[in-house]
file work.cif (mmCIF, C-alpha atoms and all ligand atoms)
data_model
#
loop_
_atom_site.label_atom_id
_atom_site.label_comp_id
_atom_site.auth_asym_id
_atom_site.auth_seq_id
_atom_site.Cartn_x
_atom_site.Cartn_y
_atom_site.Cartn_z
CA MET A 1 -5.13 21.03 -13.40
CA ASN A 2 -2.49 19.13 -15.39
CA ILE A 3 -2.22 15.54 -14.23
CA ASN A 4 0.94 13.88 -15.48
CA ILE A 5 1.19 10.30 -14.38
CA ALA A 6 3.60 7.47 -15.01
CA ILE A 7 1.88 4.13 -15.49
CA LEU A 8 3.85 1.06 -14.42
CA PRO A 9 1.59 -1.95 -14.96
CA GLY A 10 4.25 -4.54 -14.03
CA ASP A 11 3.57 -8.28 -14.01
CA GLY A 12 0.77 -10.81 -13.70
CA ILE A 13 -2.62 -9.14 -13.25
CA GLY A 14 -0.90 -5.71 -13.09
CA PRO A 15 -1.78 -4.64 -16.65
CA GLU A 16 -5.46 -5.63 -16.29
CA ILE A 17 -6.12 -3.89 -13.02
CA VAL A 18 -4.14 -0.80 -14.00
CA SER A 19 -6.09 -0.45 -17.21
CA GLN A 20 -9.35 -0.39 -15.22
CA ALA A 21 -7.97 2.19 -12.80
CA LEU A 22 -6.87 4.25 -15.75
CA SER A 23 -10.32 4.21 -17.28
CA VAL A 24 -11.63 5.53 -13.95
CA ILE A 25 -8.91 8.21 -13.82
CA LYS A 26 -9.77 9.33 -17.35
CA ALA A 27 -13.45 9.63 -16.48
CA VAL A 28 -12.63 11.67 -13.37
CA CYS A 29 -10.34 14.01 -15.33
CA GLU A 30 -12.98 14.59 -17.99
CA LYS A 31 -15.69 15.19 -15.42
CA TYR A 32 -13.72 17.69 -13.35
CA GLY A 33 -11.88 19.38 -16.22
CA HIS A 34 -8.34 18.15 -15.66
CA THR A 35 -5.86 17.50 -18.43
CA LEU A 36 -4.52 14.00 -18.17
CA ASN A 37 -1.20 12.93 -19.60
CA CYS A 38 -0.10 9.31 -19.12
CA GLU A 39 3.12 7.63 -20.08
CA TYR A 40 3.84 3.94 -19.71
CA ALA A 41 7.08 2.31 -18.56
CA LEU A 42 8.37 -1.17 -17.84
CA THR A 43 9.11 -2.67 -14.46
CA GLY A 44 9.45 -6.11 -12.84
CA ALA A 45 9.73 -9.34 -14.83
CA ALA A 46 8.39 -7.54 -17.89
CA ALA A 47 11.37 -5.17 -17.71
CA ILE A 48 13.85 -7.99 -17.09
CA ASP A 49 12.57 -9.69 -20.24
CA ALA A 50 12.90 -6.50 -22.25
CA CYS A 51 16.24 -5.19 -21.02
CA GLY A 52 17.60 -7.29 -18.14
CA ASN A 53 16.82 -4.66 -15.47
CA PRO A 54 13.64 -4.72 -13.32
CA TYR A 55 13.74 -0.92 -12.86
CA PRO A 56 15.35 0.51 -15.99
CA ASP A 57 16.80 4.04 -16.03
CA ALA A 58 14.16 5.12 -18.53
CA THR A 59 11.45 4.06 -16.06
CA HIS A 60 13.11 5.98 -13.25
CA GLU A 61 13.43 9.10 -15.40
CA LEU A 62 9.75 8.94 -16.29
CA CYS A 63 8.79 8.54 -12.60
CA MET A 64 10.98 11.50 -11.64
CA LYS A 65 9.37 13.86 -14.12
CA SER A 66 5.79 12.73 -13.41
CA ASP A 67 3.45 14.10 -10.72
CA ALA A 68 2.51 10.61 -9.53
CA VAL A 69 3.10 6.96 -10.36
CA LEU A 70 0.32 4.41 -10.72
CA PHE A 71 1.77 0.99 -10.12
CA GLY A 72 0.22 -2.43 -10.75
CA ALA A 73 2.07 -5.37 -9.24
CA ILE A 74 5.41 -7.06 -9.47
CA GLY A 75 6.53 -10.68 -9.31
CA SER A 76 6.64 -13.79 -11.43
CA PRO A 77 6.71 -17.48 -10.42
CA ARG A 78 9.50 -17.95 -12.98
CA TYR A 79 11.85 -16.48 -10.37
CA ASP A 80 10.37 -17.62 -7.07
CA ASN A 81 11.91 -21.06 -6.93
CA ASP A 82 15.22 -20.25 -8.49
CA PRO A 83 17.70 -19.48 -5.70
CA ASP A 84 20.37 -18.72 -8.30
CA ALA A 85 18.45 -16.09 -10.24
CA LYS A 86 20.83 -13.14 -10.62
CA VAL A 87 18.10 -10.57 -10.87
CA ARG A 88 14.55 -10.73 -9.54
CA PRO A 89 11.45 -8.70 -10.35
CA GLU A 90 11.08 -7.61 -6.71
CA GLN A 91 14.46 -5.89 -6.91
CA GLY A 92 12.77 -3.46 -9.29
CA LEU A 93 10.26 -2.49 -6.62
CA LEU A 94 12.99 -2.04 -4.01
CA ALA A 95 15.10 0.02 -6.45
CA MET A 96 12.12 2.23 -7.20
CA ARG A 97 11.39 2.76 -3.49
CA GLN A 98 15.01 3.61 -2.81
CA LYS A 99 15.63 5.85 -5.82
CA LEU A 100 12.39 7.79 -5.35
CA GLY A 101 13.09 8.04 -1.60
CA LEU A 102 9.69 6.51 -0.74
CA TYR A 103 10.29 6.12 2.96
CA ALA A 104 6.66 5.92 4.03
CA ASN A 105 4.11 3.41 2.92
CA ILE A 106 0.61 4.35 4.01
CA ARG A 107 -1.87 1.50 4.11
CA PRO A 108 -5.36 2.43 5.27
CA VAL A 109 -7.32 -0.54 6.58
CA SER A 110 -11.02 0.13 6.47
CA THR A 111 -13.92 -2.26 6.38
CA PHE A 112 -16.83 -2.31 3.97
CA SER A 113 -20.08 -3.41 5.54
CA GLU A 114 -21.02 -5.24 2.29
CA LEU A 115 -17.95 -7.44 2.68
CA LEU A 116 -18.05 -8.25 6.38
CA HIS A 117 -19.46 -11.70 5.72
CA ARG A 118 -16.20 -12.45 3.89
CA SER A 119 -13.99 -11.56 6.83
CA PRO A 120 -12.34 -14.47 8.64
CA LEU A 121 -13.23 -12.61 11.85
CA ARG A 122 -16.61 -12.33 13.52
CA ARG A 123 -18.65 -9.36 12.34
CA ASP A 124 -18.78 -7.76 15.80
CA LEU A 125 -14.98 -7.81 16.03
CA VAL A 126 -14.28 -6.21 12.70
CA GLU A 127 -17.29 -3.99 11.98
CA ASN A 128 -16.16 -0.32 11.81
CA ALA A 129 -12.50 -1.17 12.30
CA ASP A 130 -10.59 1.66 10.68
CA PHE A 131 -6.90 2.23 11.06
CA ILE A 132 -3.82 3.23 9.11
CA CYS A 133 -0.55 1.35 9.02
CA ILE A 134 2.46 3.49 8.30
CA ARG A 135 5.29 1.24 7.23
CA GLU A 136 8.88 2.46 6.92
CA LEU A 137 9.86 1.51 3.38
CA THR A 138 13.49 2.27 2.57
CA GLY A 139 15.40 0.92 5.54
CA GLY A 140 15.75 -2.07 7.83
CA ILE A 141 16.48 -5.62 6.82
CA TYR A 142 15.24 -5.07 3.26
CA PHE A 143 18.19 -2.83 2.48
CA GLY A 144 20.82 -3.51 5.19
CA ARG A 145 24.23 -4.71 4.11
CA PRO A 146 26.05 -7.08 4.31
CA GLN A 147 23.63 -9.61 2.98
CA GLY A 148 24.63 -12.94 1.51
CA ARG A 149 26.22 -16.32 2.05
CA SER A 150 29.44 -17.51 3.56
CA GLU A 151 31.98 -18.96 1.13
CA ASP A 152 31.09 -22.55 1.96
CA GLY A 153 27.42 -21.70 1.40
CA ASN A 154 26.38 -23.05 4.80
CA THR A 155 25.57 -19.73 6.42
CA ALA A 156 23.36 -16.89 5.19
CA TYR A 157 22.96 -13.44 6.72
CA ASP A 158 20.91 -10.27 6.44
CA THR A 159 21.53 -7.03 8.25
CA CYS A 160 18.95 -4.78 9.83
CA THR A 161 20.04 -1.16 10.08
CA TYR A 162 18.23 2.03 11.09
CA THR A 163 19.56 5.52 11.67
CA VAL A 164 18.06 8.12 14.00
CA ALA A 165 17.22 10.29 10.99
CA GLU A 166 15.33 7.47 9.25
CA ILE A 167 13.29 6.75 12.36
CA GLU A 168 12.60 10.40 13.13
CA ARG A 169 11.08 11.23 9.76
CA ILE A 170 8.69 8.28 9.71
CA VAL A 171 7.64 8.63 13.36
CA ARG A 172 7.01 12.35 12.85
CA LEU A 173 4.86 11.56 9.86
CA ALA A 174 2.91 9.07 11.94
CA TYR A 175 2.28 11.73 14.60
CA GLN A 176 1.04 14.11 11.92
CA TYR A 177 -1.44 11.49 10.78
CA SER A 178 -2.46 10.83 14.38
CA MET A 179 -3.17 14.51 14.92
CA LYS A 180 -5.63 14.43 12.01
CA ARG A 181 -7.33 11.29 13.34
CA LYS A 182 -8.15 9.98 16.80
CA LYS A 183 -4.81 11.00 18.31
CA ARG A 184 -3.84 7.47 19.20
CA LEU A 185 -0.53 6.07 17.95
CA THR A 186 0.84 2.56 18.32
CA VAL A 187 4.58 2.19 17.77
CA VAL A 188 5.31 -1.44 16.95
CA ASP A 189 8.76 -2.89 17.58
CA LYS A 190 10.67 -5.78 19.10
CA ALA A 191 12.62 -3.73 21.60
CA ASN A 192 13.04 -6.68 23.96
CA ILE A 193 15.31 -8.34 21.38
CA LEU A 194 16.54 -6.03 18.62
CA ALA A 195 18.98 -3.13 18.86
CA THR A 196 17.26 -1.37 15.96
CA SER A 197 13.95 -1.62 17.79
CA ARG A 198 15.49 -0.13 20.92
CA LEU A 199 16.65 2.82 18.83
CA TRP A 200 13.12 3.11 17.39
CA ARG A 201 11.70 3.25 20.85
CA GLN A 202 14.23 5.77 22.09
CA VAL A 203 13.68 8.09 19.13
CA SER A 204 9.89 7.68 19.32
CA GLN A 205 9.88 8.51 23.03
CA LYS A 206 11.72 11.73 22.24
CA ILE A 207 9.26 12.72 19.50
CA GLU A 208 6.32 11.71 21.68
CA LYS A 209 7.08 14.76 23.85
CA GLU A 210 6.45 17.05 20.87
CA TYR A 211 2.91 15.69 20.55
CA PRO A 212 1.46 15.71 24.06
CA GLU A 213 -2.08 15.50 22.69
CA VAL A 214 -1.44 12.12 21.12
CA GLU A 215 -1.75 9.05 23.29
CA THR A 216 1.22 6.85 22.39
CA GLU A 217 1.54 3.17 23.10
CA TYR A 218 4.48 0.88 22.44
CA MET A 219 3.77 -2.67 21.44
CA PHE A 220 5.91 -5.67 20.56
CA VAL A 221 5.28 -6.96 17.07
CA ASP A 222 4.15 -10.43 18.16
CA ASN A 223 1.57 -8.88 20.45
CA ALA A 224 0.49 -6.49 17.68
CA ALA A 225 -0.02 -9.42 15.30
CA MET A 226 -2.30 -10.99 17.87
CA GLN A 227 -4.24 -7.81 18.71
CA ILE A 228 -4.92 -7.05 15.05
CA ILE A 229 -7.09 -10.14 14.90
CA GLN A 230 -8.31 -10.10 18.48
CA ASN A 231 -9.35 -6.49 18.68
CA PRO A 232 -8.68 -4.55 15.46
CA LYS A 233 -10.91 -1.66 16.55
CA ARG A 234 -8.42 -0.62 19.23
CA PHE A 235 -6.00 0.71 16.59
CA ASP A 236 -5.98 4.10 14.93
CA VAL A 237 -2.48 4.75 13.55
CA ILE A 238 0.26 2.12 13.65
CA VAL A 239 3.85 2.96 12.75
CA THR A 240 6.50 0.33 12.30
CA GLU A 241 9.68 -0.71 10.53
CA ASN A 242 9.86 -2.18 7.04
CA MET A 243 9.62 -5.94 7.60
CA PHE A 244 7.15 -5.81 10.51
CA GLY A 245 4.99 -3.51 8.40
CA ASP A 246 5.11 -5.88 5.45
CA ILE A 247 3.83 -8.74 7.56
CA LEU A 248 1.28 -6.84 9.65
CA THR A 249 -0.33 -5.17 6.65
CA ASP A 250 -0.97 -8.47 4.88
CA GLU A 251 -2.57 -9.70 8.07
CA ALA A 252 -4.57 -6.50 8.50
CA SER A 253 -5.76 -6.52 4.91
CA VAL A 254 -7.59 -9.84 5.08
CA ILE A 255 -9.63 -8.95 8.13
CA THR A 256 -11.53 -6.52 5.89
CA GLY A 257 -12.83 -9.40 3.78
CA SER A 258 -10.52 -9.35 0.78
CA LEU A 259 -6.89 -8.63 0.02
CA GLY A 260 -8.20 -7.30 -3.27
CA MET A 261 -9.63 -4.15 -1.67
CA LEU A 262 -6.74 -2.35 -0.05
CA PRO A 263 -4.89 0.54 -1.68
CA SER A 264 -1.61 2.10 -0.65
CA ALA A 265 0.39 5.26 -1.10
CA SER A 266 4.16 5.38 -0.90
CA ILE A 267 5.43 8.84 -0.24
CA GLY A 268 8.77 10.43 0.45
CA ILE A 269 11.34 12.61 -1.22
CA HIS A 270 10.44 12.43 -4.92
CA THR A 271 7.32 11.33 -6.83
CA SER A 272 4.73 9.36 -4.84
CA VAL A 273 3.64 5.89 -5.94
CA PHE A 274 0.10 4.51 -5.65
CA GLU A 275 -0.44 0.78 -5.78
CA PRO A 276 -2.68 -1.99 -4.49
CA ILE A 277 -1.18 -3.86 -1.58
CA HIS A 278 -1.77 -7.27 -3.15
CA GLY A 279 0.70 -9.04 -5.43
CA SER A 280 0.77 -9.98 -9.11
CA TYR A 281 -1.52 -13.05 -8.72
CA PRO A 282 0.08 -14.84 -11.70
CA GLN A 283 -2.48 -17.66 -11.71
CA ALA A 284 -5.14 -15.15 -12.71
CA ALA A 285 -3.10 -13.19 -15.26
CA GLY A 286 -4.92 -12.61 -18.53
CA LYS A 287 -8.16 -14.18 -17.27
CA ASP A 288 -10.00 -10.93 -16.56
CA ILE A 289 -11.02 -12.17 -13.08
CA ALA A 290 -8.82 -10.15 -10.69
CA ASN A 291 -10.40 -7.58 -8.40
CA PRO A 292 -9.53 -4.08 -9.69
CA LEU A 293 -10.87 -2.25 -6.62
CA ALA A 294 -7.59 -1.94 -4.69
CA THR A 295 -6.01 -0.28 -7.72
CA ILE A 296 -9.04 1.93 -8.33
CA LEU A 297 -8.96 2.96 -4.65
CA SER A 298 -5.23 3.62 -5.06
CA ALA A 299 -6.17 6.05 -7.83
CA ALA A 300 -8.45 7.77 -5.29
CA LEU A 301 -5.49 8.08 -2.90
CA MET A 302 -3.50 9.53 -5.79
CA PHE A 303 -5.99 12.34 -6.40
CA GLU A 304 -6.03 13.09 -2.69
CA TYR A 305 -2.33 12.85 -1.82
CA ALA A 306 -0.57 13.86 -5.03
CA PHE A 307 -2.99 16.53 -6.27
CA ASN A 308 -5.00 17.56 -3.23
CA LEU A 309 -8.20 16.84 -5.18
CA ASN A 310 -10.43 15.46 -2.46
CA ARG A 311 -13.72 15.76 -4.32
CA GLU A 312 -12.35 13.61 -7.15
CA ALA A 313 -11.09 11.02 -4.62
CA GLU A 314 -14.46 10.92 -2.89
CA ASP A 315 -16.27 10.43 -6.19
CA ILE A 316 -14.14 7.35 -6.91
CA ARG A 317 -14.80 5.95 -3.43
CA ARG A 318 -18.50 6.57 -3.79
CA ALA A 319 -18.57 4.69 -7.10
CA VAL A 320 -16.65 1.79 -5.52
CA TYR A 321 -19.09 1.60 -2.58
CA GLU A 322 -21.99 1.63 -5.02
CA SER A 323 -20.52 -1.24 -7.02
CA LEU A 324 -20.29 -3.20 -3.76
CA LYS A 325 -23.86 -2.34 -2.83
CA ALA A 326 -25.02 -3.38 -6.29
CA GLU A 327 -22.98 -6.57 -5.85
CA PHE A 328 -21.33 -5.84 -9.17
CA VAL A 329 -18.06 -7.45 -8.10
CA THR A 330 -15.34 -9.94 -9.08
CA GLU A 331 -15.27 -13.56 -7.99
CA ASP A 332 -13.14 -13.06 -4.85
CA ILE A 333 -16.02 -11.20 -3.21
CA ALA A 334 -19.05 -12.25 -5.25
CA ALA A 335 -21.80 -14.42 -3.89
CA ASN A 336 -21.80 -17.79 -5.62
CA GLY A 337 -22.15 -17.74 -9.36
CA ASN A 338 -22.63 -14.04 -9.63
CA ALA A 339 -19.12 -12.87 -10.43
CA ARG A 340 -18.31 -10.12 -12.90
CA LYS A 341 -15.13 -9.73 -14.90
CA THR A 342 -12.34 -7.31 -14.01
CA SER A 343 -13.18 -5.23 -17.08
CA GLU A 344 -16.92 -5.23 -16.32
CA VAL A 345 -16.35 -3.94 -12.80
CA GLY A 346 -14.01 -1.25 -14.13
CA ALA A 347 -16.54 -0.23 -16.77
CA TRP A 348 -19.36 -0.11 -14.18
CA ILE A 349 -17.37 2.21 -11.92
CA THR A 350 -16.25 4.38 -14.84
CA GLU A 351 -19.87 4.72 -15.95
CA SER A 352 -20.98 5.56 -12.42
CA ILE A 353 -18.47 8.39 -12.31
CA LYS A 354 -19.54 9.71 -15.69
CA THR A 355 -23.23 9.68 -14.87
CA SER A 356 -23.37 10.69 -11.20
CA VAL A 357 -24.15 14.30 -10.59
CA ASN A 358 -21.30 16.52 -9.59
CA LYS A 359 -21.64 17.35 -5.90
C1 LIG B 1 4.73 -5.39 -0.48
C2 LIG B 1 5.31 -6.61 -1.15
C3 LIG B 1 6.78 -6.35 -1.43
C4 LIG B 1 7.49 -6.16 -0.10
C5 LIG B 1 7.49 -7.44 -2.26
C6 LIG B 1 6.78 -7.72 -3.56
C7 LIG B 1 8.93 -7.08 -2.50
O1 LIG B 1 5.12 -7.73 -0.36
O2 LIG B 1 4.77 -4.31 -1.10
O3 LIG B 1 4.24 -5.51 0.64
O4 LIG B 1 7.89 -7.13 0.55
O5 LIG B 1 7.64 -5.00 0.30
MG MG B 2 3.96 -7.39 1.39
#

call {"tool": "encode", "arguments": {"input": "work.cif", "output": "structure tokens"}}
result
Amino acid sequence: MNINIAILPGDGIGPEIVSQALSVIKAVCEKYGHTLNCEYALTGAAAIDACGNPYPDATHELCMKSDAVLFGAIGSPRYDNDPDAKVRPEQGLLAMRQKLGLYANIRPVSTFSELLHRSPLRRDLVENADFICIRELTGGIYFGRPQGRSEDGNTAYDTCTYTVAEIERIVRLAYQYSMKRKKRLTVVDKANILATSRLWRQVSQKIEKEYPEVETEYMFVDNAAMQIIQNPKRFDVIVTENMFGDILTDEASVITGSLGMLPSASIGIHTSVFEPIHGSYPQAAGKDIANPLATILSAALMFEYAFNLNREAEDIRRAVYESLKAEFVTEDIAANGNARKTSEVGAWITESIKTSVNK
């Protein structure tokens, strides 16, 4: 198969972790006889530096003509404390989501028994927790207008907007995922307060009737935040709006032991994007210490979702599990004094793929 991917390394640790994922992707393509074609493009602070735009047209064109996008991370501390910055790296990510129509962000939360000792939760609470968060990604308060300040600067406002069509497509997708899993869906909202949440609930209740086999529950977001740490095993598929999903998935990710482990897929109308859920970790940039596993696992999601190549995806996951079992891991998850470099972990996994026997 021809595998044409756009590589958007982005900022901070992005280039380092993406280069490890790419070495894994290359090994997989060689092993299974696929022809890989990669093209690089700029995004985030790196793109602002080069041309003043965090998601340049050339980057968008490359994404549109590719089969999938592998994305590193975006964000730079140079912009975080400057309220007057005209353009921010994160705007590049939002522009990409909007222009590619990536309305669904799929974040699987699964635990690794080797890492349970790292979880802030008790082992018995988190062991075997396995759920998927489906976050709406192109609507809500992230994109609603008007947004800004009053003329005297003393008032600021954001707008949260959702249409029936936007809610329908993401809730339907969540039901489709539920049908393939344990048939349990949690719709998270704040319908006791927000008009948009009441519309979510109304639309979801309509779609619920189309999926009588799925057990649906509705949960307020504050309660969901609590239950994710109190009883994470109760969840199977969670669907929610953009901002709630942003917050809940960061929370959900750390219960597995490390934020550095969780991959994501953003899917929608045009090319899908695969990226780790963590940020650009600028303090670690260039030090070869960041955990590349979330990006490598994102590459596994890419084979599965964008190319329907499940065997290839499984081979990557197997190699990742083996690196954990061998404790060949970066400092965020290593036992004291036994940390490997980003590039060493990537090389170990690449080698494991090359040498393991084709199942
Ligand atoms: C994420 C990130 C982004 C978001 C930022 C970097 C704009 O936190 O993908 O979860 O808020 O969506
Ligand atoms: Mg986030």

call {"tool": "residues_near_ligand", "arguments": {"input": "work.cif", "ligand": "ligand MG 2 (chain B)", "cutoff": "10 Å", "atoms": "all atoms listed in the file", "output": "mmCIF file with C-alpha atoms, in the frame of the given file"}}
result
data_model
loop_
_atom_site.group_PDB
_atom_site.id
_atom_site.type_symbol
_atom_site.label_atom_id
_atom_site.label_comp_id
_atom_site.auth_asym_id
_atom_site.auth_seq_id
_atom_site.Cartn_x
_atom_site.Cartn_y
_atom_site.Cartn_z
ATOM 1 C CA ASN A 242 9.860 -2.180 7.040
ATOM 2 C CA MET A 243 9.620 -5.940 7.600
ATOM 3 C CA PHE A 244 7.150 -5.810 10.510
ATOM 4 C CA GLY A 245 4.990 -3.510 8.400
ATOM 5 C CA ASP A 246 5.110 -5.880 5.450
ATOM 6 C CA ILE A 247 3.830 -8.740 7.560
ATOM 7 C CA LEU A 248 1.280 -6.840 9.650
ATOM 8 C CA THR A 249 -0.330 -5.170 6.650
ATOM 9 C CA ASP A 250 -0.970 -8.470 4.880
ATOM 10 C CA GLU A 251 -2.570 -9.700 8.070
ATOM 11 C CA ILE A 277 -1.180 -3.860 -1.580
ATOM 12 C CA HIS A 278 -1.770 -7.270 -3.150
ATOM 13 C CA GLY A 279 0.700 -9.040 -5.430
#

call {"tool": "closest_residue", "arguments": {"input": "work.cif", "among": "A:Ile74, A:Val109, A:Val188, A:Ala85", "to": "ligand LIG 1 (chain B)", "atoms": "all atoms listed in the file"}}
result
A:Ile74

call {"tool": "axis_aligned_box", "arguments": {"input": "work.cif", "around": "ligand LIG 1 (chain B)", "padding_each_side": "5 Å", "output": "lines of an AutoDock Vina configuration file"}}
result
center_x = 6.6
center_y = -6.0
center_z = -1.5
size_x = 14.7
size_y = 13.4
size_z = 14.2

call {"tool": "atom_distance", "arguments": {"input": "work.cif", "atom1": "CA of Val203 in chain A", "atom2": "CA of Ala165 in chain A"}}
result
9.1 Å

call {"tool": "atom_distance", "arguments": {"input": "work.cif", "atom1": "CA of Gly101 in chain A", "atom2": "CA of Thr138 in chain A"}}
result
7.1 Å

call {"tool": "residues_near_point", "arguments": {"input": "work.cif", "point": "(8.8, 3.5, -13.0)", "cutoff": "6 Å", "atoms": "all atoms listed in the file", "output": "list in words"}}
result
Leu8, Ala41, Thr59, His60 and Cys63 of chain A

call {"tool": "residues_around", "arguments": {"input": "work.cif", "residues": "Gly260 in chain A", "least_positions_apart": "5", "cutoff": "10 Å", "atoms": "all atoms listed in the file", "output": "list in words"}}
result
Ser253, Val254, Pro276, Ile277, His278, Gly279, Ala290, Asn291, Pro292, Leu293, Ala294, Thr295, Thr330, Asp332 and Ile333 of chain A

call {"tool": "closest_residue", "arguments": {"input": "work.cif", "among": "A:Asp11, A:Asp189, A:Glu16, A:Glu61", "to": "Met219 in chain A", "atoms": "all atoms listed in the file"}}
result
A:Asp189

call {"tool": "atom_distance", "arguments": {"input": "work.cif", "atom1": "CA of Thr163 in chain A", "atom2": "CA of Phe235 in chain A"}}
result
26.5 Å

call {"tool": "residues_around", "arguments": {"input": "work.cif", "residues": "Ala299 in chain A", "least_positions_apart": "6", "cutoff": "12 Å", "atoms": "all atoms listed in the file", "output": "PDB file with C-alpha atoms, in the frame of the given file"}}
result
ATOM      1  CA  ILE A   5       1.190  10.300 -14.380  1.00  0.00           C
ATOM      2  CA  ILE A   7       1.880   4.130 -15.490  1.00  0.00           C
ATOM      3  CA  ILE A  17      -6.120  -3.890 -13.020  1.00  0.00           C
ATOM      4  CA  VAL A  18      -4.140  -0.800 -14.000  1.00  0.00           C
ATOM      5  CA  SER A  19      -6.090  -0.450 -17.210  1.00  0.00           C
ATOM      6  CA  GLN A  20      -9.350  -0.390 -15.220  1.00  0.00           C
ATOM      7  CA  ALA A  21      -7.970   2.190 -12.800  1.00  0.00           C
ATOM      8  CA  LEU A  22      -6.870   4.250 -15.750  1.00  0.00           C
ATOM      9  CA  SER A  23     -10.320   4.210 -17.280  1.00  0.00           C
ATOM     10  CA  VAL A  24     -11.630   5.530 -13.950  1.00  0.00           C
ATOM     11  CA  ILE A  25      -8.910   8.210 -13.820  1.00  0.00           C
ATOM     12  CA  LYS A  26      -9.770   9.330 -17.350  1.00  0.00           C
ATOM     13  CA  ALA A  27     -13.450   9.630 -16.480  1.00  0.00           C
ATOM     14  CA  VAL A  28     -12.630  11.670 -13.370  1.00  0.00           C
ATOM     15  CA  CYS A  29     -10.340  14.010 -15.330  1.00  0.00           C
ATOM     16  CA  ALA A  68       2.510  10.610  -9.530  1.00  0.00           C
ATOM     17  CA  VAL A  69       3.100   6.960 -10.360  1.00  0.00           C
ATOM     18  CA  LEU A  70       0.320   4.410 -10.720  1.00  0.00           C
ATOM     19  CA  PHE A  71       1.770   0.990 -10.120  1.00  0.00           C
ATOM     20  CA  GLY A  72       0.220  -2.430 -10.750  1.00  0.00           C
ATOM     21  CA  LEU A 262      -6.740  -2.350  -0.050  1.00  0.00           C
ATOM     22  CA  PRO A 263      -4.890   0.540  -1.680  1.00  0.00           C
ATOM     23  CA  SER A 264      -1.610   2.100  -0.650  1.00  0.00           C
ATOM     24  CA  ALA A 265       0.390   5.260  -1.100  1.00  0.00           C
ATOM     25  CA  SER A 272       4.730   9.360  -4.840  1.00  0.00           C
ATOM     26  CA  VAL A 273       3.640   5.890  -5.940  1.00  0.00           C
ATOM     27  CA  PHE A 274       0.100   4.510  -5.650  1.00  0.00           C
ATOM     28  CA  GLU A 275      -0.440   0.780  -5.780  1.00  0.00           C
ATOM     29  CA  PRO A 276      -2.680  -1.990  -4.490  1.00  0.00           C
ATOM     30  CA  PRO A 292      -9.530  -4.080  -9.690  1.00  0.00           C
ATOM     31  CA  LEU A 293     -10.870  -2.250  -6.620  1.00  0.00           C
ATOM     32  CA  TYR A 305      -2.330  12.850  -1.820  1.00  0.00           C
ATOM     33  CA  ALA A 306      -0.570  13.860  -5.030  1.00  0.00           C
ATOM     34  CA  PHE A 307      -2.990  16.530  -6.270  1.00  0.00           C
ATOM     35  CA  LEU A 309      -8.200  16.840  -5.180  1.00  0.00           C
ATOM     36  CA  ASN A 310     -10.430  15.460  -2.460  1.00  0.00           C
ATOM     37  CA  GLU A 312     -12.350  13.610  -7.150  1.00  0.00           C
ATOM     38  CA  ALA A 313     -11.090  11.020  -4.620  1.00  0.00           C
ATOM     39  CA  GLU A 314     -14.460  10.920  -2.890  1.00  0.00           C
ATOM     40  CA  ASP A 315     -16.270  10.430  -6.190  1.00  0.00           C
ATOM     41  CA  ILE A 316     -14.140   7.350  -6.910  1.00  0.00           C
ATOM     42  CA  ARG A 317     -14.800   5.950  -3.430  1.00  0.00           C
ATOM     43  CA  VAL A 320     -16.650   1.790  -5.520  1.00  0.00           C
TER      44      VAL A 320
END
